[in-house]
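Take a look at the structure set out below.
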Number of protein chains: 4
Amino acid sequence: MERGFTATIDIQLSYADTDMMGIVYHANYLKWFELGRTRFIEAVGYSYRDMENAGYFAPVYQVEATYKKPIRYGDQVSVETWVELNDGLKTAYAYHVRNGQGEVCAVGTTMHIIVSQETFKPVQFKKAFPEWYALYERIKKKD
Amino acid sequence: MERGFTATIDIQLSYADTDMMGIVYHANYLKWFELGRTRFIEAVGYSYRDMENAGYFAPVYQVEATYKKPIRYGDQVSVETWVELNDGLKTAYAYHVRNGQGEVCAVGTTMHIIVSQETFKPVQFKKAFPEWYALYERIKKKD
Amino acid sequence: MERGFTATIDIQLSYADTDMMGIVYHANYLKWFELGRTRFIEAVGYSYRDMENAGYFAPVYQVEATYKKPIRYGDQVSVETWVELNDGLKTAYAYHVRNGQGEVCAVGTTMHIIVSQETFKPVQFKKAFPEWYALYERIKKKD
Amino acid sequence: MERGFTATIDIQLSYADTDMMGIVYHANYLKWFELGRTRFIEAVGYSYRDMENAGYFAPVYQVEATYKKPIRYGDQVSVETWVELNDGLKTAYAYHVRNGQGEVCAVGTTMHIIVSQETFKPVQFKKAFPEWYALYERIKKKD
C-alpha cells in the first residue's frame with residue numbers, strides 16, 4: 001500500500017435515513033463515515049473488533065462534515081476513506097461520500113484516540129499497536 | 001398505586017425522527033416506548049439503571065405496534081405506559097402514543113425478560129427483584 | 001416465482017446499531033426489515049421508489065418482532081423476506097433475521113397499506129397496482 | 001435579548017442513544033444539537049416549522065463537534081445554544097453539551113443556509129426573513 005491509499009464501500013441507504021426534507025438527515029452521514037472507516041481498516045488488514053478484544057476503544061474525538069449536495073432515497077451512495085493524519089496519539093480518517101454519478105456530495109473527517117476500556121484514559125496508538133501505527137505512518141496522506 | 005396504574009411522558013420529537021413521507025418513521029416509536037417504560041419505572045419507584053447496576057439486563061423479547069394515525073414534526077407527543085401482563089418470567093408493558101389533540105396515534109406492547117449480564121441467560125423476575133415483582137402483580141392490568 | 005418465494009439481503013451492521021448491552025438495539029431490526037422488504041420488492045421486479053413516484057406511500061400499519069438470540073457487532077447478519085399475507089387492502093411481509101451461523105435470531109412481520117400521498121387515505125393495492133397485486137396473490141405464503 | 005443570548009434545553013437521553021462502548025454514540029449528539037437549535041429558535045420568538053410552512057428549508061451545510069468527556073445512560077444532559085456567526089447567507093449556531101455536574105462534555109457548531117423547498121437553491125436569509133435576520137445580527141456572538 002502506498003501513501004494516500006483509499007478504500008471504498010457501497011452504502012445500504014434506507015428509508016429510515018431520510019427526513020421530511022426528502023433527503024438524508026445530516027447526522028446519518030456519520031454512521032456512513034463509520035462504515036467507511038471499518039471497511040478501510042479491513043482493507044489494510046486490521047479489524048476494529050480485534051482492537052476491542054485487545055482491551056481498547058477508539059472513540060471519535062472530533063468530527064467535521066460539509067454537505068455539498070443532498071442525497072436522496074434511491075441514490076447509489078459510496079464512501080471513500082483514507083488516513084489523513086496520524087501521530088502517536090491521534091488518527092484522522094477522511095471521507096468522500098459520492099452519489100451514483102460520482103459526485104462528491106459530502107466530505108468529512110473524524111479524529112480518533114485510543115483509550116483503555118477499563119479507564120477510558122488515552123493510550124498511545126504507537127505503543128498499543130506498533131505495526132498498525134507504522135502502516136498508517138506509511139500510507140497517511142499528510143505528514 | 002392501583003391496578004392499571006399508568007404514567008405519562010411528553011416526548012421530544014426531533015426532525016431526525018421524520019422520514020421522507022413527512023411523518024415519524026415507524027421504528028422510532030419503539031424508542032418512545034422505551035422512554036415511556038423508563039418513566040413508568042421511575043413513577044413506581046424503581047430505576048432501570050439500578051437493575052443494570054445489580055447485574056441484570058431487561059431486553060425486549062417481543063414487540064408489537066399498530067400505527068393508527070401519522071405523527072408529524074411539531075406534534076405534541078406523549079406516551080402513556082402501564083404493565084399489561086406479569087408472570088414470574090415475563091413482563092409486558094403497554095403503550096398509548098397520543099398527539100396534542102389527545103388522539104391515540106399508535107398502540108404497542110413490549111415483552112421483557114430479565115437476563116444475567118454475564119451469561120444473557122434468563123433469570124426469574126420474582127427471584128431477582130421480589131418487591132418490584134410484587135408491585136407489578138398488584139398494578140398489572142390483566143391477570 | 002412460486003408460492004413462498006423469498007429474497008435475502010446481507011445487512012451492513014454498524015457500531016451505531018449497538019447499545020450499552022453490547023448487542024443490537026431492538027428498534028434497529030425494524031430498519032433491517034425495511035432493507036429486507038426493499039430487496040424482496042426488487043427481486044420480484046418492482047421498486048418502492050416507483051410506487052412513490054406514482055403518487056403513493058406504503059406505510060407500516062402494524063409491526064411485530066420476536067427476538068430470540070442477541071446479535072452483536074461483527075456478526076454476519078442477513079434478512080430473508082417473503083409475502084406472508086395479501087388481500088386487496090393489506091400486505092404482510094415476514095422476516096427471518098439470521099446470524100453468520102444461520103441461526104434465526106429474530107422473526108417479524110410488517111403489515112402495510114397503500115395510501116395516497118396527497119391525502120394519506122388508504123387506496124386498494126389491487127386497484128392501484130393490479131399486476132403487482134396479482135403477483136403477490138401467486139407467491140404469498142398463506143391464503 | 002443581548003449579544004450572546006443563549007437558550008438551554010434538557011435532553012431526553014435514551015438507551016437507544018448508547019452504543020457498545022457504554023456511552024452515547026457520537027452521531028447522536030448531532031440530534032441533540034438539533035434539539036438545542038429548535039429550542040433557541042423558539043426562545044427568540046421564531047419557529048422552524050413556520051420557516052418550512054413559508055416554503056423554505058434550513059439544511060445543515062457544515063457541522064463540527066468535539067467530544068471531551070463521554071456521556072452515559074442516566075446522565076442529566078443539557079444543550080446550551082447560541083448564534084455564533086451570521087451573515088446574509090450563512091448562520092452558525094454553537095452548542096455546549098453538559099452533563100448533570102455542569103461539565104462541558106462536547107462542543108459543536110452547525111452552519112446553515114436557507115434553501116427554497118422547490119429547488120433546493122440557496123436563498124438569502126436577510127431577504128427571506130429580514131426581521132429574524134436583524135435579530136440574529138443583534139444577538140450573534142461574533143461579528
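We name chains A, B, ... following the order of the C-alpha cells; residues begin at 1 in each chain, and ligands are numbered from 1 as shown.
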
Output as a Markdown table one row per residue of chain D within 12 Å of chain C: the closest atom pair and its distance in Å to one decimal place, counting only C-alpha atoms, sorted by chain and residue number ascending.
| residue | atom | partner | partner_atom | distance |
| --- | --- | --- | --- | --- |
| D:Ser14 | CA | C:Asp19 | CA | 10.1 |
| D:Tyr15 | CA | C:Asp19 | CA | 6.8 |
| D:Ala16 | CA | C:Asp19 | CA | 6.3 |
| D:Asp17 | CA | C:Asp19 | CA | 7.3 |
| D:Thr18 | CA | C:Asp19 | CA | 4.9 |
| D:Asp19 | CA | C:Asp19 | CA | 3.8 |
| D:Met20 | CA | C:Gly22 | CA | 4.3 |
| D:Met21 | CA | C:Met20 | CA | 6.5 |
| D:Gly22 | CA | C:Met20 | CA | 4.3 |
| D:Ile23 | CA | C:Met20 | CA | 7.0 |
| D:Val24 | CA | C:Asp19 | CA | 8.7 |
| D:Tyr25 | CA | C:Ala16 | CA | 6.4 |
| D:His26 | CA | C:Ala16 | CA | 8.7 |
| D:Ala27 | CA | C:Ala16 | CA | 8.2 |
| D:Asn28 | CA | C:Ala16 | CA | 9.1 |
| D:Ile71 | CA | C:Met20 | CA | 11.8 |
| D:Arg72 | CA | C:Met20 | CA | 9.1 |
| D:Tyr73 | CA | C:Met20 | CA | 8.4 |
| D:Gly74 | CA | C:Met20 | CA | 11.9 |

Alpha helix (DSSP H) residues, from DSSP on the backbone, in chain C, as a PyMOL selection string:
chain C and resi 28-43+48-53+125-128+130-139

Put those residues in a file: C-alpha atoms, as a PDB file, in the first residue's frame.
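Result file is out_27.pdb:
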ATOM      1  CA  ASN C  28     -32.867  -1.239  14.679  1.00  0.00           C
ATOM      2  CA  TYR C  29     -34.151  -4.615  13.494  1.00  0.00           C
ATOM      3  CA  LEU C  30     -37.107  -2.722  12.038  1.00  0.00           C
ATOM      4  CA  LYS C  31     -34.688  -0.857   9.768  1.00  0.00           C
ATOM      5  CA  TRP C  32     -33.337  -4.240   8.684  1.00  0.00           C
ATOM      6  CA  PHE C  33     -36.869  -5.420   7.968  1.00  0.00           C
ATOM      7  CA  GLU C  34     -37.144  -2.371   5.727  1.00  0.00           C
ATOM      8  CA  LEU C  35     -33.952  -3.353   3.886  1.00  0.00           C
ATOM      9  CA  GLY C  36     -35.230  -6.925   3.552  1.00  0.00           C
ATOM     10  CA  ARG C  37     -38.558  -5.709   2.185  1.00  0.00           C
ATOM     11  CA  THR C  38     -36.858  -3.404  -0.310  1.00  0.00           C
ATOM     12  CA  ARG C  39     -34.689  -6.247  -1.577  1.00  0.00           C
ATOM     13  CA  PHE C  40     -37.709  -8.510  -1.851  1.00  0.00           C
ATOM     14  CA  ILE C  41     -39.595  -5.948  -3.917  1.00  0.00           C
ATOM     15  CA  GLU C  42     -36.609  -5.560  -6.243  1.00  0.00           C
ATOM     16  CA  ALA C  43     -36.231  -9.334  -6.509  1.00  0.00           C
ATOM     17  CA  TYR C  48     -40.737   1.035  -3.832  1.00  0.00           C
ATOM     18  CA  ARG C  49     -39.389   4.238  -5.322  1.00  0.00           C
ATOM     19  CA  ASP C  50     -41.548   3.783  -8.399  1.00  0.00           C
ATOM     20  CA  MET C  51     -44.560   3.316  -6.130  1.00  0.00           C
ATOM     21  CA  GLU C  52     -43.780   6.695  -4.562  1.00  0.00           C
ATOM     22  CA  ASN C  53     -43.211   8.285  -7.943  1.00  0.00           C
ATOM     23  CA  PHE C 125     -53.456  -2.294  -3.650  1.00  0.00           C
ATOM     24  CA  LYS C 126     -55.256  -4.354  -6.281  1.00  0.00           C
ATOM     25  CA  LYS C 127     -56.659  -1.198  -7.892  1.00  0.00           C
ATOM     26  CA  ALA C 128     -53.502   0.912  -7.724  1.00  0.00           C
ATOM     27  CA  PRO C 130     -53.116  -4.728 -10.293  1.00  0.00           C
ATOM     28  CA  GLU C 131     -50.159  -6.655 -11.747  1.00  0.00           C
ATOM     29  CA  TRP C 132     -48.059  -6.320  -8.618  1.00  0.00           C
ATOM     30  CA  TYR C 133     -51.069  -7.422  -6.594  1.00  0.00           C
ATOM     31  CA  ALA C 134     -51.623 -10.427  -8.838  1.00  0.00           C
ATOM     32  CA  LEU C 135     -48.011 -11.466  -8.394  1.00  0.00           C
ATOM     33  CA  TYR C 136     -48.348 -11.299  -4.606  1.00  0.00           C
ATOM     34  CA  GLU C 137     -51.510 -13.376  -4.792  1.00  0.00           C
ATOM     35  CA  ARG C 138     -49.472 -16.032  -6.538  1.00  0.00           C
ATOM     36  CA  ILE C 139     -46.388 -16.010  -4.309  1.00  0.00           C
TER      37      ILE C 139
END

Determine, counting only C-alpha atoms, which protein, DNA and RNA residues have an atom within 6 Å of an atom of range 113-122 of chain B; residues of the same chain fewer than 6 positions away are not included. Present the result as a PyMOL selection string.
chain B and resi 55-58+90

Based on the selection just made, write N, CA and C atoms of those residues as a short mmCIF file (atom, residue, chain, number, x, y, z; two decimals), in the first residue's frame.
data_model
loop_
_atom_site.label_atom_id
_atom_site.label_comp_id
_atom_site.auth_asym_id
_atom_site.auth_seq_id
_atom_site.Cartn_x
_atom_site.Cartn_y
_atom_site.Cartn_z
N GLY B 55 -26.58 -6.09 38.07
CA GLY B 55 -26.04 -7.21 37.30
C GLY B 55 -26.99 -7.82 36.29
N TYR B 56 -28.09 -7.12 36.00
CA TYR B 56 -29.08 -7.67 35.08
C TYR B 56 -29.34 -6.73 33.91
N PHE B 57 -29.88 -7.29 32.84
CA PHE B 57 -30.47 -6.52 31.74
C PHE B 57 -31.93 -6.94 31.63
N ALA B 58 -32.73 -6.09 31.03
CA ALA B 58 -34.13 -6.46 30.75
C ALA B 58 -34.42 -6.25 29.26
N LYS B 90 -41.90 -13.17 32.53
CA LYS B 90 -42.07 -12.13 31.51
C LYS B 90 -42.95 -10.99 32.02
#

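Contact shell of range 62-65 of chain C at 7 Å (only C-alpha atoms; same-chain neighbours under 2 positions omitted): Gln62, Val63, Glu64, Ala65, Thr66 and Tyr67 of chain B; Val60, Tyr67, Ala106, Val107, Gly108, Thr109, Thr110 and Met111 of chain C.
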
Could you save those same residues with C-alpha atoms as a PDB file, in the first residue's frame?
ATOM      1  CA  GLN B  62     -41.129  -9.204  21.748  1.00  0.00           C
ATOM      2  CA  VAL B  63     -42.630  -6.004  20.419  1.00  0.00           C
ATOM      3  CA  GLU B  64     -45.897  -5.160  18.721  1.00  0.00           C
ATOM      4  CA  ALA B  65     -47.039  -1.800  17.443  1.00  0.00           C
ATOM      5  CA  THR B  66     -50.060  -0.618  15.485  1.00  0.00           C
ATOM      6  CA  TYR B  67     -49.917   2.778  13.795  1.00  0.00           C
TER       7      TYR B  67
ATOM      8  CA  VAL C  60     -46.223   0.297   8.053  1.00  0.00           C
ATOM      9  CA  TYR C  67     -36.006 -11.520  19.476  1.00  0.00           C
ATOM     10  CA  ALA C 106     -35.292 -12.727  15.208  1.00  0.00           C
ATOM     11  CA  VAL C 107     -38.548 -13.146  13.335  1.00  0.00           C
ATOM     12  CA  GLY C 108     -41.022 -10.450  12.460  1.00  0.00           C
ATOM     13  CA  THR C 109     -43.823  -9.254  10.261  1.00  0.00           C
ATOM     14  CA  THR C 110     -44.863  -5.844   8.991  1.00  0.00           C
ATOM     15  CA  MET C 111     -48.355  -5.079   7.701  1.00  0.00           C
TER      16      MET C 111
END

Check chain C with DSSP on the backbone and list each residue it calls strand (DSSP E or B), as a ChimeraX atom specification.
/C:7-10,18,24,56-57,60-67,78-86,90-98,104-116,122-123

Rounded to one decimal place, report the CA of Ser47 in chain D-CA of Leu13 in chain B distance in Å.
14.4 Å

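By only C-alpha atoms, and with residues fewer than 6 positions from Trp82 in chain C along its chain excluded, the set lying at most 6 Å from it is Thr6, Tyr93 and Ala94 of chain C.
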
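Going from CA of Lys141 in chain A over to CA of Phe129 in chain A, you cover 19.6 Å.
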
I'd like the neighbourhood of range 97-102 of chain B as a list in words, where a residue qualifies if any of its atoms comes within 6 Å (using only C-alpha atoms), though same-chain residues fewer than 4 positions away should be ignored.
Gln76, Val77, Ser78, Val79 and Ala106 of chain B
